[in-house]
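Q: Could you have a look at this structure, given as structure tokens, before my questions?
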Amino acid sequence: MTQKLTTKKMTLCALFTVLITAGAFIKIPVPVVPFTLQFLFTMLAGLLLGGRLGALSVGIYAVLGLGGLPIFAEGGGFWYLLKPSFGYIIGFIAASYVTGKLVEISKQLTLGRILIANFIGLFIVYGVGMVYYYIICNFVINTPIGLWPLFLYCFLLAVPGDICLCFLATILTKRLKPIFAKI
């Protein structure tokens, strides 16, 4: 079943693409993977727009960055595919889709269900991001990283902030979802 992509939906996708871009520049320096607000906006894209449109808005962000616009946390361009942290951007696309679908199929939208969807999205982002990071470092750019440093730098140092963003996204979704449902 195909849905028609209306002007309002395209505008909302563009809005979230811009928010994700802005979120990339709001960062707190953490070794290896910078902490940004991208995760918040990618989750909100899925939660508020639905899985399909949420993933589309994050996908557009990824394509624009790979196309050369310096909109990623550390630049842009096709070479970014070889940057170990690019896996997190791939994870953003998948997580936005999954969280959006989880909210779409939910009969009753409670804070608990939204939070569970966010934590599943968090798991997806970190799972994809860390696997990609490991593969790129160890097999592509020849800068080996062990499992413990990978876990420390790519998870333990970054996840506390993103857990807080899960709670913030849950509250924002609960408040904003009725408004987005009317659009």
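We label chains A, B, ... in the order they appear in the structure tokens, count residues from 1 in each chain, and number ligands from 1 in the order shown.
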Excluding Lys182 (chain A) and any residue of its chain fewer than 4 positions from it, enumerate the residues within 12 Å of it, using only C-alpha atoms, and give them as a ChimeraX atom specification.
A: /A:8-9,48-49,176-178
Q: List as a tab-separated table every residue of region 11-89 of chain A that is in contact with region 164-172 of chain A, defined as an atom at most 9 Å from one of its atoms (using only C-alpha atoms), together with the nearest atom pair and the distance in Å rounded to one decimal, sorted by chain and then rising number.
A:
```
residue	atom	partner	partner_atom	distance
A:Leu37	CA	A:Leu165	CA	8.0
A:Phe39	CA	A:Leu165	CA	7.5
A:Leu40	CA	A:Leu165	CA	5.7
A:Phe41	CA	A:Ala169	CA	8.2
A:Met43	CA	A:Ala169	CA	7.0
A:Leu44	CA	A:Ala169	CA	6.2
A:Leu47	CA	A:Ala169	CA	8.5
```
Q: Set the distance at 9 Å and use only C-alpha atoms: which residues neighbour region 88-99 of chain A once local chain neighbours fewer than 5 positions away are removed? I'd like the list as a PyMOL selection string.
A: chain A and resi 38-39+42-47+50-59+62+72+104+114+116-130+132-133
Q: Would you output that residue set with N, CA and C atoms, as an mmCIF file, in the first residue's frame?
A:
```
data_model
loop_
_atom_site.group_PDB
_atom_site.id
_atom_site.type_symbol
_atom_site.label_atom_id
_atom_site.label_comp_id
_atom_site.auth_asym_id
_atom_site.auth_seq_id
_atom_site.Cartn_x
_atom_site.Cartn_y
_atom_site.Cartn_z
ATOM 1 N N GLN A 38 21.651 15.080 17.377
ATOM 2 C CA GLN A 38 21.128 14.347 16.220
ATOM 3 C C GLN A 38 20.220 13.207 16.662
ATOM 4 N N PHE A 39 20.642 12.483 17.676
ATOM 5 C CA PHE A 39 19.841 11.346 18.135
ATOM 6 C C PHE A 39 18.436 11.799 18.522
ATOM 7 N N THR A 42 16.463 12.602 15.296
ATOM 8 C CA THR A 42 16.172 11.427 14.473
ATOM 9 C C THR A 42 15.078 10.578 15.119
ATOM 10 N N MET A 43 15.100 10.486 16.444
ATOM 11 C CA MET A 43 14.042 9.739 17.133
ATOM 12 C C MET A 43 12.708 10.472 16.995
ATOM 13 N N LEU A 44 12.728 11.790 17.180
ATOM 14 C CA LEU A 44 11.483 12.554 17.043
ATOM 15 C C LEU A 44 10.927 12.459 15.628
ATOM 16 N N ALA A 45 11.800 12.389 14.637
ATOM 17 C CA ALA A 45 11.326 12.249 13.253
ATOM 18 C C ALA A 45 10.486 10.985 13.117
ATOM 19 N N GLY A 46 10.992 9.882 13.619
ATOM 20 C CA GLY A 46 10.240 8.631 13.542
ATOM 21 C C GLY A 46 8.999 8.644 14.407
ATOM 22 N N LEU A 47 9.141 9.133 15.619
ATOM 23 C CA LEU A 47 8.025 9.121 16.571
ATOM 24 C C LEU A 47 6.872 10.013 16.122
ATOM 25 N N GLY A 50 6.128 9.110 11.853
ATOM 26 C CA GLY A 50 5.907 7.711 11.502
ATOM 27 C C GLY A 50 7.185 7.120 10.933
ATOM 28 N N GLY A 51 7.215 5.820 10.841
ATOM 29 C CA GLY A 51 8.418 5.133 10.415
ATOM 30 C C GLY A 51 8.903 5.510 9.031
ATOM 31 N N ARG A 52 8.005 5.500 8.094
ATOM 32 C CA ARG A 52 8.377 5.749 6.695
ATOM 33 C C ARG A 52 8.895 7.169 6.495
ATOM 34 N N LEU A 53 8.131 8.160 6.946
ATOM 35 C CA LEU A 53 8.538 9.555 6.750
ATOM 36 C C LEU A 53 9.713 9.935 7.654
ATOM 37 N N GLY A 54 9.774 9.351 8.845
ATOM 38 C CA GLY A 54 10.902 9.609 9.729
ATOM 39 C C GLY A 54 12.204 9.130 9.111
ATOM 40 N N ALA A 55 12.184 7.901 8.610
ATOM 41 C CA ALA A 55 13.379 7.355 7.961
ATOM 42 C C ALA A 55 13.715 8.145 6.697
ATOM 43 N N LEU A 56 12.703 8.592 5.991
ATOM 44 C CA LEU A 56 12.933 9.395 4.790
ATOM 45 C C LEU A 56 13.659 10.693 5.140
ATOM 46 N N SER A 57 13.223 11.377 6.198
ATOM 47 C CA SER A 57 13.867 12.636 6.565
ATOM 48 C C SER A 57 15.315 12.409 7.005
ATOM 49 N N VAL A 58 15.579 11.321 7.736
ATOM 50 C CA VAL A 58 16.954 11.012 8.139
ATOM 51 C C VAL A 58 17.772 10.573 6.929
ATOM 52 N N GLY A 59 17.149 9.829 6.030
ATOM 53 C CA GLY A 59 17.833 9.415 4.803
ATOM 54 C C GLY A 59 18.221 10.593 3.934
ATOM 55 N N ALA A 62 21.274 12.094 5.365
ATOM 56 C CA ALA A 62 22.462 11.305 5.039
ATOM 57 C C ALA A 62 22.911 11.539 3.597
ATOM 58 N N PHE A 72 27.289 16.864 8.640
ATOM 59 C CA PHE A 72 27.504 15.852 9.662
ATOM 60 C C PHE A 72 28.275 16.483 10.816
ATOM 61 N N GLU A 104 3.377 3.724 15.627
ATOM 62 C CA GLU A 104 2.227 3.591 14.725
ATOM 63 C C GLU A 104 1.345 2.407 15.095
ATOM 64 N N ILE A 114 6.250 4.740 24.512
ATOM 65 C CA ILE A 114 7.134 5.639 23.754
ATOM 66 C C ILE A 114 8.571 5.463 24.227
ATOM 67 N N ILE A 116 9.931 2.819 25.623
ATOM 68 C CA ILE A 116 10.430 1.523 25.145
ATOM 69 C C ILE A 116 10.846 1.631 23.673
ATOM 70 N N ALA A 117 10.033 2.300 22.865
ATOM 71 C CA ALA A 117 10.387 2.500 21.452
ATOM 72 C C ALA A 117 11.705 3.271 21.342
ATOM 73 N N ASN A 118 11.876 4.288 22.181
ATOM 74 C CA ASN A 118 13.121 5.059 22.162
ATOM 75 C C ASN A 118 14.321 4.208 22.546
ATOM 76 N N PHE A 119 14.162 3.367 23.563
ATOM 77 C CA PHE A 119 15.278 2.517 23.975
ATOM 78 C C PHE A 119 15.607 1.474 22.906
ATOM 79 N N ILE A 120 14.599 0.991 22.204
ATOM 80 C CA ILE A 120 14.865 0.082 21.087
ATOM 81 C C ILE A 120 15.629 0.833 19.992
ATOM 82 N N GLY A 121 15.217 2.066 19.725
ATOM 83 C CA GLY A 121 15.942 2.902 18.762
ATOM 84 C C GLY A 121 17.381 3.153 19.198
ATOM 85 N N LEU A 122 17.571 3.402 20.484
ATOM 86 C CA LEU A 122 18.913 3.613 21.034
ATOM 87 C C LEU A 122 19.775 2.370 20.816
ATOM 88 N N PHE A 123 19.205 1.203 21.071
ATOM 89 C CA PHE A 123 19.917 -0.058 20.873
ATOM 90 C C PHE A 123 20.317 -0.231 19.399
ATOM 91 N N ILE A 124 19.414 0.113 18.504
ATOM 92 C CA ILE A 124 19.695 -0.003 17.068
ATOM 93 C C ILE A 124 20.835 0.930 16.668
ATOM 94 N N VAL A 125 20.754 2.193 17.101
ATOM 95 C CA VAL A 125 21.787 3.169 16.746
ATOM 96 C C VAL A 125 23.155 2.704 17.232
ATOM 97 N N TYR A 126 23.227 2.302 18.493
ATOM 98 C CA TYR A 126 24.515 1.879 19.038
ATOM 99 C C TYR A 126 24.965 0.543 18.461
ATOM 100 N N GLY A 127 24.052 -0.352 18.219
ATOM 101 C CA GLY A 127 24.421 -1.634 17.629
ATOM 102 C C GLY A 127 25.025 -1.457 16.250
ATOM 103 N N VAL A 128 24.320 -0.746 15.382
ATOM 104 C CA VAL A 128 24.815 -0.511 14.020
ATOM 105 C C VAL A 128 26.084 0.331 14.067
ATOM 106 N N GLY A 129 26.071 1.378 14.891
ATOM 107 C CA GLY A 129 27.217 2.280 14.973
ATOM 108 C C GLY A 129 28.485 1.584 15.424
ATOM 109 N N MET A 130 28.377 0.750 16.441
ATOM 110 C CA MET A 130 29.565 0.085 16.970
ATOM 111 C C MET A 130 30.083 -1.000 16.027
ATOM 112 N N TYR A 132 29.757 -1.024 12.731
ATOM 113 C CA TYR A 132 30.363 -0.296 11.611
ATOM 114 C C TYR A 132 31.727 0.260 12.026
ATOM 115 N N TYR A 133 31.778 0.860 13.214
ATOM 116 C CA TYR A 133 33.019 1.429 13.734
ATOM 117 C C TYR A 133 34.116 0.356 13.782
#
```
Q: Select from chain A everything DSSP, run on the backbone, classes as strand (DSSP E or B), then give the selection as a ChimeraX atom specification.
A: /A:27-28,35-36,72,75
Q: I need the chosen residues saved as a short mmCIF file (atom, residue, chain, number, x, y, z; two decimals), in the first residue's frame, with N, CA, C and O atoms.
A:
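Final output, saved to part09.cif:
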```
data_model
loop_
_atom_site.label_atom_id
_atom_site.label_comp_id
_atom_site.auth_asym_id
_atom_site.auth_seq_id
_atom_site.Cartn_x
_atom_site.Cartn_y
_atom_site.Cartn_z
N LYS A 27 26.93 20.25 19.89
CA LYS A 27 27.68 19.08 20.34
C LYS A 27 28.52 19.36 21.57
O LYS A 27 28.94 20.48 21.81
N ILE A 28 28.71 18.29 22.31
CA ILE A 28 29.59 18.30 23.47
C ILE A 28 30.74 17.37 23.11
O ILE A 28 30.51 16.20 22.78
N PHE A 35 29.09 13.83 21.21
CA PHE A 35 27.69 13.82 21.66
C PHE A 35 26.98 14.99 21.01
O PHE A 35 27.39 16.14 21.15
N THR A 36 25.94 14.70 20.25
CA THR A 36 25.17 15.74 19.57
C THR A 36 23.68 15.54 19.85
O THR A 36 23.29 14.56 20.48
N PHE A 72 27.29 16.86 8.64
CA PHE A 72 27.50 15.85 9.66
C PHE A 72 28.27 16.48 10.82
O PHE A 72 28.82 17.58 10.68
N GLY A 75 31.80 17.22 9.41
CA GLY A 75 31.98 17.52 8.00
C GLY A 75 30.95 16.88 7.11
O GLY A 75 29.78 16.77 7.45
#
```
Q: Could you write out, as a ChimeraX atom specification, all the residues of region 19-179 of chain A that DSSP marks as helix (DSSP H, G or I)?
A: /A:19-25,38-49,51-66,78-82,86-105,111-140,147-156,159-179
Q: Check the smallest atom-to-atom distance from each of A:Pro29, A:Glu74, A:Ile141, A:Val131 to Leu157 (chain A) using only C-alpha atoms, then report the winner.
A: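 Ranking A:Pro29, A:Glu74, A:Ile141, A:Val131 by distance to Leu157 (chain A), first place goes to A:Pro29.
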Q: To one decimal place in Å, what is the distance between CA of Phe78 (chain A) and CA of Val63 (chain A)?
A: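 CA of Phe78 (chain A) sits 9.2 Å away from CA of Val63 (chain A).
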